Amino acid sequence: MLSPIVPFSWSAIGALLVLFCPSSCSTRLSLPSAHSIVPPQQHTTEWAHHPNYLCAHGKVRTKNYCPGEALPLGKAIEFESDLFEGRIFCRLRDVDSHPDDKNHAAYFKSGKQLYQFIIQGRFKEELVMSDILNGDSYDKPLNVSDNIMNSLYQKVMRAFSPGIIMEMTAEKPRIMTAFGTNPAQLMMVSRPGEEPDITKIGSIQEDTTLLLGVEDLPAKKRMSYLSKLKNSLKHKVRRDHIYTVEFHDTTTNFATYHQYITGVKVDMVPMLNGQPLSFGMFTRDGRLIYKFPMWHERALEASHEKTSKEANGAVLSEL
């Protein structure tokens, strides 16, 4: 069992120390940046988990890491936002984890999953389950057309995740699923001190008794039940419970930035319009619970190209 989740705070003095700390500082606490997502400043050849770079959103404060600093794969990371405090743990297939992670190979040998992302902690507010969404929202439009292929893609995704929100052609797109539904493969609600060690394989066991009031409910039935709005409206998350959720699937490959849907390989880089994929959770009215962008070197290159074109366009418009 991990040590109890203890709130950590940031004083005004601590904030000043962090703002001026070098990348190798011993006292490192992330603070919200002026921009929600800032592209990595470190050259891709220096990324510890090349070709990927995991970092925190500007409104998420991480313990032991400077703002925008790369977060390690295969190691638990403590964080806090206005609505949640806890820790995350992430592994990617075909991308080496931190040396402390002795179970990386064993985890991916056990199945076909392409990634593992675990969130554990407590909510700071009592929220209705129907008001909590997993997924991501984007600041810029996606490079998608409102055509037959896009409609077919959305139809397939809705089959995988009933109740999914897919506003792909909006000015600020959203792709989100209801909390507790696919791809939340395992969900465990515990009393403080009884939560599992998220770094160990097999430590998370499906148990939503404290949330749904039903013992021995299988994960598939839990996902199906919570995908219906009339059911998720009946349940709330409590501030005195610890929520551990493991996400994984066999369709999203962060190591290549491709998605595999019914045998079709889709390159996510052109579609994302210079934006990264992220692990995120939000309230239905748009408040951030957590968000961790997972950059790929190709996505960063696309972001730089887009920024350069926009800058050149601005210069030409002034001539």
# chains A, B, ... in the order shown; residues from 1 in each chain; ligands from 1
>>> residues_around(residues="A:Ser190", least_positions_apart="6", cutoff="10 Å", atoms="only C-alpha atoms", output="PyMOL selection string")
chain A and resi 121-122+196+207-211+240-244
>>> closest_residue(among="A:Pro192, A:Pro218, A:Phe282, A:Phe108", to="A:Ile175", atoms="only C-alpha atoms")
A:Phe282
>>> closest_atom_pairs(of="stretch 207-315 of chain A", to="stretch 45-56 of chain A", cutoff="7 Å", atoms="only C-alpha atoms", output="JSON lines")
{"residue": "A:Ala255", "atom": "CA", "partner": "A:Pro51", "partner_atom": "CA", "distance": 6.7}
{"residue": "A:Lys291", "atom": "CA", "partner": "A:Ala56", "partner_atom": "CA", "distance": 6.4}
{"residue": "A:Phe292", "atom": "CA", "partner": "A:Ala56", "partner_atom": "CA", "distance": 4.6}
{"residue": "A:Pro293", "atom": "CA", "partner": "A:Cys55", "partner_atom": "CA", "distance": 5.7}
{"residue": "A:Met294", "atom": "CA", "partner": "A:Leu54", "partner_atom": "CA", "distance": 4.5}
{"residue": "A:Trp295", "atom": "CA", "partner": "A:Tyr53", "partner_atom": "CA", "distance": 5.0}
{"residue": "A:His296", "atom": "CA", "partner": "A:Asn52", "partner_atom": "CA", "distance": 4.6}
{"residue": "A:Glu297", "atom": "CA", "partner": "A:Pro51", "partner_atom": "CA", "distance": 5.5}
>>> closest_atom_pairs(of="stretch 190-242 of chain A", to="stretch 60-79 of chain A", cutoff="10 Å", atoms="only C-alpha atoms", output="Markdown table")
| residue | atom | partner | partner_atom | distance |
| --- | --- | --- | --- | --- |
| A:Asp197 | CA | A:Ala76 | CA | 9.6 |
| A:Ile198 | CA | A:Ala76 | CA | 7.6 |
| A:Thr199 | CA | A:Ala76 | CA | 6.9 |
>>> write_last_selection(atoms="N, CA, C and O atoms", output="PDB file, in the first residue's frame")
ATOM      1  N   ASP A 197      -1.621  -0.242  -4.406  1.00  0.00           N
ATOM      2  CA  ASP A 197      -0.352   0.298  -4.893  1.00  0.00           C
ATOM      3  C   ASP A 197      -0.434   0.310  -6.416  1.00  0.00           C
ATOM      4  O   ASP A 197      -0.416  -0.740  -7.062  1.00  0.00           O
ATOM      5  N   ILE A 198      -0.512   1.490  -7.004  1.00  0.00           N
ATOM      6  CA  ILE A 198      -0.740   1.589  -8.446  1.00  0.00           C
ATOM      7  C   ILE A 198       0.485   1.229  -9.279  1.00  0.00           C
ATOM      8  O   ILE A 198       0.391   1.111 -10.503  1.00  0.00           O
ATOM      9  N   THR A 199       1.636   1.021  -8.640  1.00  0.00           N
ATOM     10  CA  THR A 199       2.837   0.656  -9.383  1.00  0.00           C
ATOM     11  C   THR A 199       2.970  -0.854  -9.562  1.00  0.00           C
ATOM     12  O   THR A 199       3.846  -1.313 -10.296  1.00  0.00           O
TER      13      THR A 199
END
>>> atom_distance(atom1="atom CA of A:Asp136", atom2="atom CA of A:Ala178")
11.9 Å
>>> residues_around(residues="A:Thr181", least_positions_apart="3", cutoff="12 Å", atoms="only C-alpha atoms", output="JSON, numbers by chain")
{"A": [129, 130, 132, 133, 134, 135, 158, 160, 161, 162, 163, 164, 176, 177, 178, 184, 185, 186, 187, 219, 220, 221, 222, 223, 224, 225, 226, 227, 228, 229, 232, 245, 246, 247, 248]}
>>> write_last_selection(atoms="C-alpha atoms", output="PDB file, in the first residue's frame")
ATOM      1  CA  MET A 129     -21.165  11.023 -11.729  1.00  0.00           C
ATOM      2  CA  SER A 130     -23.002  12.333 -14.795  1.00  0.00           C
ATOM      3  CA  ILE A 132     -17.659  13.977 -14.736  1.00  0.00           C
ATOM      4  CA  LEU A 133     -16.166  13.275 -18.167  1.00  0.00           C
ATOM      5  CA  ASN A 134     -12.946  11.573 -19.299  1.00  0.00           C
ATOM      6  CA  GLY A 135     -11.195  12.604 -22.492  1.00  0.00           C
ATOM      7  CA  ARG A 158     -19.895   5.191 -30.199  1.00  0.00           C
ATOM      8  CA  PHE A 160     -16.857   1.134 -28.501  1.00  0.00           C
ATOM      9  CA  SER A 161     -17.950   3.756 -25.935  1.00  0.00           C
ATOM     10  CA  PRO A 162     -21.718   4.268 -25.557  1.00  0.00           C
ATOM     11  CA  GLY A 163     -22.512   7.822 -24.461  1.00  0.00           C
ATOM     12  CA  ILE A 164     -19.298   9.264 -25.922  1.00  0.00           C
ATOM     13  CA  MET A 176     -15.160  12.663 -23.994  1.00  0.00           C
ATOM     14  CA  THR A 177     -16.717   9.642 -22.322  1.00  0.00           C
ATOM     15  CA  ALA A 178     -18.708   9.359 -19.111  1.00  0.00           C
ATOM     16  CA  ALA A 184     -11.860   2.749 -17.675  1.00  0.00           C
ATOM     17  CA  GLN A 185     -11.111  -0.968 -17.596  1.00  0.00           C
ATOM     18  CA  LEU A 186     -10.743  -1.194 -13.820  1.00  0.00           C
ATOM     19  CA  MET A 187     -12.267   0.973 -11.111  1.00  0.00           C
ATOM     20  CA  ALA A 219     -16.317  -4.073 -14.877  1.00  0.00           C
ATOM     21  CA  LYS A 220     -18.287  -4.563 -18.114  1.00  0.00           C
ATOM     22  CA  LYS A 221     -21.617  -4.246 -16.285  1.00  0.00           C
ATOM     23  CA  ARG A 222     -20.339  -1.171 -14.426  1.00  0.00           C
ATOM     24  CA  MET A 223     -19.334   0.463 -17.741  1.00  0.00           C
ATOM     25  CA  SER A 224     -22.668  -0.379 -19.356  1.00  0.00           C
ATOM     26  CA  TYR A 225     -24.615   0.851 -16.330  1.00  0.00           C
ATOM     27  CA  LEU A 226     -22.800   4.199 -16.051  1.00  0.00           C
ATOM     28  CA  SER A 227     -22.972   4.864 -19.806  1.00  0.00           C
ATOM     29  CA  LYS A 228     -26.692   5.557 -19.331  1.00  0.00           C
ATOM     30  CA  LEU A 229     -27.334   9.109 -18.108  1.00  0.00           C
ATOM     31  CA  SER A 232     -25.029   8.098 -13.580  1.00  0.00           C
ATOM     32  CA  VAL A 245      -9.089   3.985 -12.141  1.00  0.00           C
ATOM     33  CA  GLU A 246      -6.990   2.141 -14.712  1.00  0.00           C
ATOM     34  CA  PHE A 247      -7.369   3.137 -18.353  1.00  0.00           C
ATOM     35  CA  HIS A 248      -6.018   1.053 -21.214  1.00  0.00           C
TER      36      HIS A 248
END
>>> atom_distance(atom1="atom CA of A:Asp94", atom2="atom CA of A:Phe179")
27.8 Å
>>> atom_distance(atom1="atom CA of A:Glu125", atom2="atom CA of A:Met281")
14.1 Å
>>> closest_residue(among="A:Lys112, A:Leu217, A:Tyr290, A:Thr307", to="A:Arg87", atoms="only C-alpha atoms")
A:Tyr290
